[in-house]
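The file query_6.cif contains mmCIF, N, CA and C atoms:
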data_protein
#
loop_
_atom_site.label_atom_id
_atom_site.label_comp_id
_atom_site.auth_asym_id
_atom_site.auth_seq_id
_atom_site.Cartn_x
_atom_site.Cartn_y
_atom_site.Cartn_z
N MET A 1 -67.85 45.15 11.45
CA MET A 1 -67.02 45.51 12.59
C MET A 1 -65.87 46.37 12.07
N SER A 2 -65.63 47.47 12.68
CA SER A 2 -64.56 48.36 12.23
C SER A 2 -63.21 47.87 12.74
N ALA A 3 -62.14 48.39 12.14
CA ALA A 3 -60.79 48.00 12.54
C ALA A 3 -60.50 48.38 13.98
N GLU A 4 -61.05 49.51 14.43
CA GLU A 4 -60.80 49.95 15.79
C GLU A 4 -61.46 49.03 16.81
N SER A 5 -62.68 48.59 16.53
CA SER A 5 -63.39 47.77 17.51
C SER A 5 -62.97 46.31 17.44
N SER A 6 -62.39 45.84 16.32
CA SER A 6 -62.02 44.44 16.22
C SER A 6 -60.93 44.06 17.21
N HIS A 7 -59.99 44.95 17.50
CA HIS A 7 -58.94 44.65 18.47
C HIS A 7 -59.46 44.76 19.90
N ALA A 8 -60.51 45.50 20.11
CA ALA A 8 -61.04 45.68 21.45
C ALA A 8 -61.85 44.47 21.92
N THR A 9 -62.31 43.64 20.99
CA THR A 9 -63.18 42.53 21.36
C THR A 9 -62.45 41.19 21.44
N ARG A 10 -61.15 41.18 21.36
CA ARG A 10 -60.42 39.92 21.42
C ARG A 10 -59.24 40.01 22.37
N GLN A 11 -58.76 38.87 22.80
CA GLN A 11 -57.61 38.82 23.69
C GLN A 11 -56.37 39.26 22.93
N SER A 12 -55.56 40.07 23.55
CA SER A 12 -54.33 40.51 22.92
C SER A 12 -53.31 39.38 22.87
N VAL A 13 -52.54 39.36 21.81
CA VAL A 13 -51.44 38.41 21.69
C VAL A 13 -50.32 38.93 22.58
N LEU A 14 -49.69 38.08 23.35
CA LEU A 14 -48.69 38.52 24.32
C LEU A 14 -47.28 38.54 23.78
N TYR A 15 -46.96 37.68 22.79
CA TYR A 15 -45.61 37.65 22.25
C TYR A 15 -45.65 37.16 20.81
N CYS A 16 -44.59 37.46 20.09
CA CYS A 16 -44.48 37.06 18.69
C CYS A 16 -44.23 35.56 18.61
N PRO A 17 -44.96 34.83 17.76
CA PRO A 17 -44.73 33.39 17.63
C PRO A 17 -43.43 33.05 16.89
N TYR A 18 -42.78 34.04 16.28
CA TYR A 18 -41.55 33.80 15.53
C TYR A 18 -40.31 34.09 16.35
N CYS A 19 -40.29 35.24 17.07
CA CYS A 19 -39.07 35.60 17.80
C CYS A 19 -39.29 35.70 19.31
N ALA A 20 -40.52 35.56 19.77
CA ALA A 20 -40.89 35.57 21.19
C ALA A 20 -40.72 36.93 21.87
N GLU A 21 -40.53 37.99 21.10
CA GLU A 21 -40.47 39.33 21.68
C GLU A 21 -41.87 39.85 21.95
N GLU A 22 -41.97 40.87 22.76
CA GLU A 22 -43.26 41.43 23.13
C GLU A 22 -43.52 42.79 22.48
N THR A 23 -42.82 43.09 21.41
CA THR A 23 -42.97 44.38 20.73
C THR A 23 -44.05 44.28 19.65
N LEU A 24 -45.26 43.97 20.05
CA LEU A 24 -46.37 43.77 19.12
C LEU A 24 -47.28 44.98 19.09
N PHE A 25 -47.73 45.28 17.89
CA PHE A 25 -48.66 46.38 17.68
C PHE A 25 -49.75 45.91 16.73
N PRO A 26 -51.00 46.30 16.97
CA PRO A 26 -52.08 45.87 16.07
C PRO A 26 -51.93 46.49 14.69
N LEU A 27 -52.23 45.70 13.67
CA LEU A 27 -52.26 46.20 12.30
C LEU A 27 -53.66 46.70 12.00
N GLU A 28 -53.76 47.64 11.12
CA GLU A 28 -55.09 48.10 10.70
C GLU A 28 -55.76 46.95 9.97
N GLY A 29 -57.01 46.77 10.20
CA GLY A 29 -57.75 45.65 9.62
C GLY A 29 -57.76 44.49 10.58
N ALA A 30 -56.73 43.68 10.52
CA ALA A 30 -56.61 42.53 11.42
C ALA A 30 -55.16 42.08 11.45
N GLY A 31 -54.76 41.52 12.54
CA GLY A 31 -53.42 40.98 12.65
C GLY A 31 -52.54 41.79 13.58
N TRP A 32 -51.30 41.36 13.66
CA TRP A 32 -50.33 41.96 14.56
C TRP A 32 -49.01 42.17 13.83
N GLU A 33 -48.28 43.17 14.24
CA GLU A 33 -46.97 43.48 13.69
C GLU A 33 -45.95 43.38 14.81
N CYS A 34 -44.89 42.60 14.58
CA CYS A 34 -43.79 42.52 15.53
C CYS A 34 -42.71 43.47 15.05
N ARG A 35 -42.38 44.45 15.84
CA ARG A 35 -41.39 45.43 15.42
C ARG A 35 -39.96 44.98 15.73
N SER A 36 -39.80 43.84 16.37
CA SER A 36 -38.45 43.29 16.59
C SER A 36 -37.98 42.53 15.36
N CYS A 37 -38.81 41.62 14.85
CA CYS A 37 -38.41 40.82 13.69
C CYS A 37 -39.08 41.28 12.40
N MET A 38 -39.92 42.31 12.50
CA MET A 38 -40.59 42.92 11.35
C MET A 38 -41.50 41.94 10.61
N ARG A 39 -42.11 41.02 11.33
CA ARG A 39 -43.07 40.09 10.74
C ARG A 39 -44.48 40.54 11.10
N ALA A 40 -45.40 40.23 10.24
CA ALA A 40 -46.82 40.48 10.50
C ALA A 40 -47.53 39.13 10.48
N PHE A 41 -48.49 38.95 11.38
CA PHE A 41 -49.20 37.68 11.47
C PHE A 41 -50.60 37.92 12.02
N SER A 42 -51.44 36.92 11.88
CA SER A 42 -52.77 36.98 12.46
C SER A 42 -53.03 35.67 13.19
N VAL A 43 -53.95 35.70 14.10
CA VAL A 43 -54.35 34.53 14.87
C VAL A 43 -55.83 34.30 14.59
N THR A 44 -56.17 33.07 14.23
CA THR A 44 -57.55 32.75 13.88
C THR A 44 -58.06 31.64 14.78
N PHE A 45 -59.23 31.86 15.35
CA PHE A 45 -59.89 30.83 16.15
C PHE A 45 -60.67 29.94 15.20
N LEU A 46 -60.34 28.67 15.16
CA LEU A 46 -60.99 27.73 14.25
C LEU A 46 -62.20 27.05 14.88
N GLY A 47 -62.27 26.99 16.18
CA GLY A 47 -63.38 26.34 16.85
C GLY A 47 -62.86 25.42 17.94
N LEU A 48 -63.75 24.77 18.61
CA LEU A 48 -63.39 23.83 19.66
C LEU A 48 -63.15 22.46 19.04
N SER A 49 -62.11 21.82 19.47
CA SER A 49 -61.85 20.47 18.95
C SER A 49 -62.60 19.46 19.80
N SER A 50 -63.02 18.39 19.16
CA SER A 50 -63.71 17.34 19.90
C SER A 50 -62.69 16.32 20.37
N ARG A 51 -63.02 15.63 21.38
CA ARG A 51 -62.13 14.61 21.92
C ARG A 51 -62.13 13.42 20.97
N THR A 52 -60.96 12.96 20.60
CA THR A 52 -60.88 11.82 19.69
C THR A 52 -61.03 10.52 20.48
N HIS A 53 -61.26 9.47 19.76
CA HIS A 53 -61.43 8.16 20.41
C HIS A 53 -60.18 7.74 21.16
N SER A 54 -59.01 7.99 20.60
CA SER A 54 -57.77 7.59 21.27
C SER A 54 -57.54 8.37 22.55
N ASP A 55 -57.96 9.65 22.59
CA ASP A 55 -57.84 10.44 23.82
C ASP A 55 -58.74 9.88 24.91
N ALA A 56 -59.96 9.52 24.56
CA ALA A 56 -60.90 8.98 25.54
C ALA A 56 -60.39 7.65 26.07
N THR A 57 -59.80 6.84 25.24
CA THR A 57 -59.27 5.54 25.66
C THR A 57 -58.10 5.72 26.62
N SER A 58 -57.21 6.68 26.34
CA SER A 58 -56.04 6.86 27.19
C SER A 58 -56.45 7.38 28.57
N VAL A 59 -57.49 8.19 28.65
CA VAL A 59 -57.96 8.69 29.94
C VAL A 59 -58.54 7.52 30.75
N THR A 60 -59.33 6.66 30.10
CA THR A 60 -59.92 5.50 30.78
C THR A 60 -58.83 4.56 31.26
N THR A 61 -57.81 4.32 30.44
CA THR A 61 -56.72 3.43 30.81
C THR A 61 -55.95 3.96 32.01
N ARG A 62 -55.70 5.26 32.02
CA ARG A 62 -54.97 5.85 33.16
C ARG A 62 -55.79 5.76 34.44
N GLN A 63 -57.10 5.93 34.35
CA GLN A 63 -57.94 5.86 35.55
C GLN A 63 -58.00 4.44 36.08
N GLU A 64 -58.03 3.46 35.19
CA GLU A 64 -58.11 2.07 35.63
C GLU A 64 -56.82 1.60 36.28
N SER A 65 -55.68 2.14 35.83
CA SER A 65 -54.40 1.70 36.39
C SER A 65 -54.07 2.40 37.70
N ALA A 66 -54.79 3.44 38.04
CA ALA A 66 -54.50 4.19 39.28
C ALA A 66 -55.08 3.52 40.50
#
What is this structure when it is put down as structure tokens?
Amino acid sequence: MSAESSHATRQSVLYCPYCAEETLFPLEGAGWECRSCMRAFSVTFLGLSSRTHSDATSVTTRQESA
């Protein structure tokens, strides 16, 4: 996948996770550059998380008490 097409196939980041400004520009290769705080970062999708046992228990408990 080329650098040009990699940004076209993913959702754009809306704001900088460090300073919350919206002055973001794509970096060549991968990642984003914030021109307000001069930081560069990337966002990586790790996968879908599975529901843990404690989450399933808390949902059942809330339904039973309602």
Query raised in the report: If we count only C-alpha atoms, what is near Ala20 (chain A) at a cut-off of 10 Å, once residues fewer than 3 positions away on the same chain are taken out, given as a ChimeraX atom specification?
Result: /A:14-17,23,34,36-37
Report task. Output as a list in words all residues of region 1-52 of chain A that backbone DSSP marks as strand (DSSP E or B). Result ->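 Result set for region 1-52 of chain A (strand (DSSP E or B)): Leu24, Phe25, Pro26, Trp32, Glu33, Cys34, Arg39, Ala40 and Phe41 of chain A.
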Query raised in the report: In Å, with one decimal, what is the gap from CA of Cys19 (chain A) to CA of Gly47 (chain A)?
Result: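 Interatomic distance here is 26.0 Å.
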Report task. Between atom N of Ser12 (chain A) and atom N of Met38 (chain A), measure the distance and give it in Å to one decimal. Result ->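 The value is 19.3 Å.
Counting from atom N of Ser49 (chain A), the distance to atom N of Gln11 (chain A) is 17.7 Å.
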Requested in this report: Measuring atom to atom with only C-alpha atoms, identify which of A:Ser50, A:Trp32, A:Thr44, A:Arg39 is nearest to Val13 (chain A).
Outcome: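 Under the stated criterion, the closest residue is A:Trp32.
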Around (-55.3, 35.6, 12.4) in the file's own coordinates, what residues are found within 9 Å if you use only C-alpha atoms, given back as an mmCIF file with N, CA and C atoms, keeping the file's coordinate frame?
data_model
loop_
_atom_site.group_PDB
_atom_site.id
_atom_site.type_symbol
_atom_site.label_atom_id
_atom_site.label_comp_id
_atom_site.auth_asym_id
_atom_site.auth_seq_id
_atom_site.Cartn_x
_atom_site.Cartn_y
_atom_site.Cartn_z
ATOM 1 N N ALA A 30 -56.730 43.680 10.520
ATOM 2 C CA ALA A 30 -56.610 42.530 11.420
ATOM 3 C C ALA A 30 -55.160 42.080 11.450
ATOM 4 N N GLY A 31 -54.760 41.520 12.540
ATOM 5 C CA GLY A 31 -53.420 40.980 12.650
ATOM 6 C C GLY A 31 -52.540 41.790 13.580
ATOM 7 N N TRP A 32 -51.300 41.360 13.660
ATOM 8 C CA TRP A 32 -50.330 41.960 14.560
ATOM 9 C C TRP A 32 -49.010 42.170 13.830
ATOM 10 N N PHE A 41 -48.490 38.950 11.380
ATOM 11 C CA PHE A 41 -49.200 37.680 11.470
ATOM 12 C C PHE A 41 -50.600 37.920 12.020
ATOM 13 N N SER A 42 -51.440 36.920 11.880
ATOM 14 C CA SER A 42 -52.770 36.980 12.460
ATOM 15 C C SER A 42 -53.030 35.670 13.190
ATOM 16 N N VAL A 43 -53.950 35.700 14.100
ATOM 17 C CA VAL A 43 -54.350 34.530 14.870
ATOM 18 C C VAL A 43 -55.830 34.300 14.590
ATOM 19 N N THR A 44 -56.170 33.070 14.230
ATOM 20 C CA THR A 44 -57.550 32.750 13.880
ATOM 21 C C THR A 44 -58.060 31.640 14.780
ATOM 22 N N PHE A 45 -59.230 31.860 15.350
ATOM 23 C CA PHE A 45 -59.890 30.830 16.150
ATOM 24 C C PHE A 45 -60.670 29.940 15.200
#
